[in-house]
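All remarks here apply to the structure that follows.
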Amino acid sequence: MRTVPRVACINDLSGFGRCSLTTALPVLSVMGVQACPAPTAVLSKHTGFPQYTFTDLTDTLPAYFESWSDLDFDWIYSGFLGSLGQIGIVKQFFHTQKQKNPSCKVLLDPVMGDDGRRYSTYTQALCDAMRELVSEADVITPNITEACLLTGTEYRGECLTEREAEQLAEKLMTLGCGAAVITGIVQENKIGNLTYQNGASAYSAVHRTECLFSGTGDLFASVLCGALANGAALADAVSAAGAFLSEVTQDTLRQNTPAAEGVLLEPLLYRLGGMRFGTEQGK
Ligand code: PXL
């Protein structure tokens, strides 16, 4: 590992609403990770707002990645993919990078929907292609909606028992990923994440706020990525991300800001800078 781990962040740039790259870049930087953005689309606001502009950058990506072919990354963190062609290009980038550096790992956040619904830009064909991309990932972080879309499971709300979540994770594992973290599992006043790796699952939960803020999945995956890139074991990275998210959402709720503007991570970002993680070795 380099002194400063290097991560390729494939995600959109949304000018307003705290999500994707505007979340990933500050989080990774404060965690001591070099975050290299590859923007998949530029939006004036994220798609949760009533109006926004959307500029698809698929055509720019092949040359962008080609110019990165002399670089190698410790992790690739892939988020919102805005078109079908993009998924193929990203898959090729995974292959090229893994060939260059066999220890390069892929964290894939299959950003497809939330609360039982697909995002407005997300077609069935995109869902199918995302399912294939999952097979290339070392770790995936779907919420329940995304886990259902990926596995063809009927969505029955955010409340799942640990056993139901484990069964959903087992289905995800059949898609070929190395590990799966299902986020946002609701149990009464708690919200939890189920991690499935090496044939076993672990569940951890934190206090839940009533309000559903935009971009929480991006914040979770970004902190997770920062921890993993620093050598944390997956279970420790999941706990760190869950705990940080809980703090930030509770703080945001007190400020009473519109849910679409996302969680107010700025005042608490500095806390991520103090986190220290052990290495995977010996765990
Ligand atoms: O937070 C996920 C996300 C990422 N990128 C874009 C989005 C959303 C959710 O609405 O619209 C563009």
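Chain identifiers are assigned as A, B, and so on, following the order in which chains appear in the structure tokens; residues are numbered from 1 within each chain, and ligands are numbered from 1 in order of appearance.
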
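Using only C-alpha atoms and all ligand atoms, residues with at least one atom at most 7 Å away from any atom of ligand 1 are Asp12, Ser14, Cys19, Ser20, Leu43, His46, Thr47, Gly48, Phe80, Val111, Tyr119, Ser214, Gly215, Thr216, Gly217 and Asp218 of chain A.
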
* **For A:Gln255: contacts at 10 Å, only C-alpha atoms, fewer than 6 positions along chain excluded, given as a PyMOL selection string** => chain A and resi 249+263-264

Restricting the output to N, CA, C and O atoms, write the selected residues as a PDB file, in the first residue's frame.
```
ATOM      1  N   THR A 249     -26.946  12.251  10.779  1.00  0.00           N
ATOM      2  CA  THR A 249     -28.393  12.372  10.534  1.00  0.00           C
ATOM      3  C   THR A 249     -29.098  12.969  11.756  1.00  0.00           C
ATOM      4  O   THR A 249     -29.991  13.809  11.605  1.00  0.00           O
ATOM      5  N   VAL A 263     -27.721  15.331   4.117  1.00  0.00           N
ATOM      6  CA  VAL A 263     -27.289  15.490   5.508  1.00  0.00           C
ATOM      7  C   VAL A 263     -26.160  16.520   5.604  1.00  0.00           C
ATOM      8  O   VAL A 263     -25.341  16.640   4.697  1.00  0.00           O
ATOM      9  N   LEU A 264     -26.159  17.249   6.718  1.00  0.00           N
ATOM     10  CA  LEU A 264     -25.175  18.321   6.902  1.00  0.00           C
ATOM     11  C   LEU A 264     -23.862  17.717   7.401  1.00  0.00           C
ATOM     12  O   LEU A 264     -23.602  17.683   8.596  1.00  0.00           O
TER      13      LEU A 264
END
```

* Kindly give the distance, in Å, that separates atom CA of A:Ala41 and atom CA of A:Lys105, rounded to a single decimal. => 23.2 Å

Distance query A:Met31 at most 7 Å, only C-alpha atoms, self and fewer than 4 positions along chain excluded, as a compact mmCIF listing (two decimals) with C-alpha atoms, in the first residue's frame:
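As written to disk, around.txt reads:
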```txt
# COMPACT_ATOMS: atom_id res chain seq x y z
CA VAL A 27 -14.92 12.35 2.93
CA GLY A 226 -12.17 5.57 3.16
CA LEU A 272 -13.46 11.30 10.20
CA GLY A 273 -9.91 12.65 10.14
```

* To do: Pick out each residue of stretch 43-209 of chain A that DSSP on the backbone tags as alpha helix (DSSP H); I need them as a ChimeraX atom specification.
  => /A:61-67,84-100,124-134,144-151,162-173

* Given only C-alpha atoms as the counted atoms, nearest of A:Asn230, A:Thr183, A:Gln34, A:Thr161 to A:Leu245 -> A:Thr183

* Interatomic distance (Å, one decimal) between atom CA of A:Asn193 and atom CA of A:Tyr77 -> 18.9 Å

* **Closest of A:Thr40, A:Asn11, A:Ser69, A:Thr58 to A:Lys100 - atom-to-atom distances counting only C-alpha atoms** => A:Ser69

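Note that atom CA of A:Leu150 and atom CA of A:Gly15 are 28.2 Å apart.
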
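Closest approach to A:Glu247 among A:Cys211, A:Ala200, A:Ala235, A:Val206: A:Val206, based on only C-alpha atoms.
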
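Excluding A:Lys91 itself and same-chain residues fewer than 6 positions from it, the residues having an atom within 12 Å of it are Ile10, Leu61, Pro62, Phe65, Ile76, Ser78, Leu81, Leu84, Gly85, Gln97, Lys98, Val106, Leu108, Ala129, Met130, Arg131, Glu132, Leu133, Val134, Ser135, Glu136 and Ala137 of chain A, counting only C-alpha atoms.
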
* Asked: If we count only C-alpha atoms, what is near A:Ser83 at a cut-off of 8 Å, once residues fewer than 4 positions away on the same chain are taken out, given as a PyMOL selection string?
  -> chain A and resi 56+58+87+126

* To do: Could you find all residues in stretch 61-141 of chain A that DSSP calls strand (DSSP E) from the backbone, and write them as a ChimeraX atom specification?
  => /A:75-78,105-108,113-114,117-118,139-140

Go ahead and save the picked residues with C-alpha atoms, as a PDB file, in the first residue's frame.
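Here's the written file selection07.pdb:
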```
ATOM      1  CA  TRP A  75      -9.482   0.906  -4.788  1.00  0.00           C
ATOM      2  CA  ILE A  76     -12.099   1.794  -7.360  1.00  0.00           C
ATOM      3  CA  TYR A  77     -15.276   3.228  -5.874  1.00  0.00           C
ATOM      4  CA  SER A  78     -18.108   3.223  -8.366  1.00  0.00           C
ATOM      5  CA  LYS A 105     -10.257  -3.758  -5.124  1.00  0.00           C
ATOM      6  CA  VAL A 106     -13.659  -2.601  -6.335  1.00  0.00           C
ATOM      7  CA  LEU A 107     -16.330  -1.092  -4.096  1.00  0.00           C
ATOM      8  CA  LEU A 108     -19.534  -0.909  -6.111  1.00  0.00           C
ATOM      9  CA  GLY A 113     -33.246   3.630  -6.294  1.00  0.00           C
ATOM     10  CA  ASP A 114     -34.589   4.089  -2.805  1.00  0.00           C
ATOM     11  CA  ARG A 117     -38.689   2.981  -6.293  1.00  0.00           C
ATOM     12  CA  ARG A 118     -36.127   3.212  -9.068  1.00  0.00           C
ATOM     13  CA  VAL A 139     -17.795  -5.292  -2.062  1.00  0.00           C
ATOM     14  CA  ILE A 140     -21.283  -4.017  -2.924  1.00  0.00           C
TER      15      ILE A 140
END
```

Close residues, A:Leu25 itself excluded, 10 Å, only C-alpha atoms, min 5 positions apart in chain, as a compact mmCIF listing (two decimals) with N, CA, C and O atoms, in the first residue's frame:
```
# COMPACT_ATOMS: atom_id res chain seq x y z
N CYS A 9 -12.75 7.46 -8.13
CA CYS A 9 -14.16 7.64 -7.75
C CYS A 9 -14.99 7.87 -9.00
O CYS A 9 -14.94 8.95 -9.59
N SER A 20 -23.15 11.81 -4.22
CA SER A 20 -22.12 11.34 -5.15
C SER A 20 -20.75 12.03 -4.94
O SER A 20 -20.23 12.00 -3.86
N VAL A 30 -10.50 13.85 3.77
CA VAL A 30 -10.29 14.04 5.22
C VAL A 30 -9.83 12.74 5.87
O VAL A 30 -9.17 12.75 6.91
N MET A 31 -10.14 11.61 5.23
CA MET A 31 -9.69 10.31 5.76
C MET A 31 -8.29 9.94 5.27
O MET A 31 -7.82 8.82 5.48
N VAL A 33 -7.12 9.87 2.10
CA VAL A 33 -7.09 9.07 0.87
C VAL A 33 -7.09 10.02 -0.33
O VAL A 33 -7.82 11.01 -0.33
N GLN A 34 -6.27 9.70 -1.33
CA GLN A 34 -6.29 10.51 -2.55
C GLN A 34 -7.49 10.09 -3.39
O GLN A 34 -7.55 8.95 -3.88
N ALA A 35 -8.45 10.99 -3.57
CA ALA A 35 -9.67 10.67 -4.31
C ALA A 35 -9.58 11.26 -5.71
O ALA A 35 -9.48 12.47 -5.87
N CYS A 36 -9.59 10.40 -6.72
CA CYS A 36 -9.45 10.86 -8.10
C CYS A 36 -10.79 10.71 -8.81
O CYS A 36 -11.24 9.59 -9.06
N PRO A 37 -11.48 11.82 -9.11
CA PRO A 37 -12.83 11.72 -9.66
C PRO A 37 -12.87 11.40 -11.15
O PRO A 37 -12.08 11.94 -11.93
N SER A 222 -19.01 6.20 1.02
CA SER A 222 -17.77 6.99 0.99
C SER A 222 -16.94 6.74 2.25
O SER A 222 -15.73 6.55 2.17
```

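The residue that comes closest to A:Val7, out of A:Ala229, A:Leu160, A:Val90, A:Met173 and on the basis of only C-alpha atoms, is A:Ala229.
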
* Which is closer to A:Pro5 than all the others in A:Gly184, A:Pro110, A:Gly199, A:Gly231, using only C-alpha atoms? -> A:Gly231

* Skip A:Arg156 itself and residues of its chain fewer than 2 positions away, then list as a ChimeraX atom specification all residues within 12 Å of it, counting only C-alpha atoms. => /A:115-117,144-145,147-149,153-154,158-161,164-165,185-186

Could you save the residues just selected, with N, CA and C atoms, as a short mmCIF file (atom, residue, chain, number, x, y, z; two decimals), in the first residue's frame?
```
data_model
loop_
_atom_site.label_atom_id
_atom_site.label_comp_id
_atom_site.auth_asym_id
_atom_site.auth_seq_id
_atom_site.Cartn_x
_atom_site.Cartn_y
_atom_site.Cartn_z
N ASP A 115 -36.37 3.59 -1.27
CA ASP A 115 -37.75 3.62 -0.79
C ASP A 115 -38.70 2.84 -1.71
N GLY A 116 -38.22 1.75 -2.30
CA GLY A 116 -39.07 0.91 -3.14
C GLY A 116 -39.18 1.35 -4.58
N ARG A 117 -38.56 2.47 -4.91
CA ARG A 117 -38.69 2.98 -6.29
C ARG A 117 -37.34 3.16 -6.97
N ILE A 144 -32.05 -1.63 0.53
CA ILE A 144 -32.98 -2.76 0.34
C ILE A 144 -33.64 -2.69 -1.03
N THR A 145 -34.00 -1.48 -1.46
CA THR A 145 -34.62 -1.32 -2.79
C THR A 145 -33.67 -1.88 -3.86
N ALA A 147 -31.12 -3.94 -3.46
CA ALA A 147 -30.92 -5.39 -3.31
C ALA A 147 -32.09 -6.15 -3.94
N CYS A 148 -33.31 -5.62 -3.78
CA CYS A 148 -34.49 -6.26 -4.39
C CYS A 148 -34.43 -6.17 -5.91
N LEU A 149 -34.08 -4.97 -6.42
CA LEU A 149 -34.00 -4.80 -7.89
C LEU A 149 -32.94 -5.74 -8.48
N THR A 153 -36.30 -9.59 -6.27
CA THR A 153 -37.11 -9.90 -5.08
C THR A 153 -38.17 -8.83 -4.92
N GLU A 154 -39.36 -9.26 -4.50
CA GLU A 154 -40.44 -8.29 -4.30
C GLU A 154 -40.07 -7.37 -3.11
N GLU A 158 -38.92 -1.32 4.23
CA GLU A 158 -37.54 -1.23 4.76
C GLU A 158 -37.35 -2.08 6.01
N CYS A 159 -38.46 -2.65 6.54
CA CYS A 159 -38.35 -3.45 7.77
C CYS A 159 -38.08 -4.91 7.41
N LEU A 160 -36.92 -5.39 7.77
CA LEU A 160 -36.58 -6.79 7.52
C LEU A 160 -36.03 -7.39 8.82
N THR A 161 -36.31 -8.66 9.04
CA THR A 161 -35.65 -9.33 10.16
C THR A 161 -34.21 -9.63 9.71
N GLU A 164 -34.25 -12.40 7.21
CA GLU A 164 -34.69 -11.99 5.86
C GLU A 164 -33.57 -11.24 5.14
N ALA A 165 -32.88 -10.38 5.89
CA ALA A 165 -31.77 -9.62 5.29
C ALA A 165 -30.65 -10.58 4.87
N ILE A 185 -31.50 -1.17 6.92
CA ILE A 185 -32.51 -2.14 7.38
C ILE A 185 -33.16 -1.58 8.65
N VAL A 186 -34.48 -1.40 8.59
CA VAL A 186 -35.17 -0.77 9.71
C VAL A 186 -35.73 -1.83 10.66
#
```

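Comparing A:Phe277, A:Phe220, A:Phe213, A:Tyr270 by their smallest distance to A:Thr257, the closest is A:Phe213 (using only C-alpha atoms).
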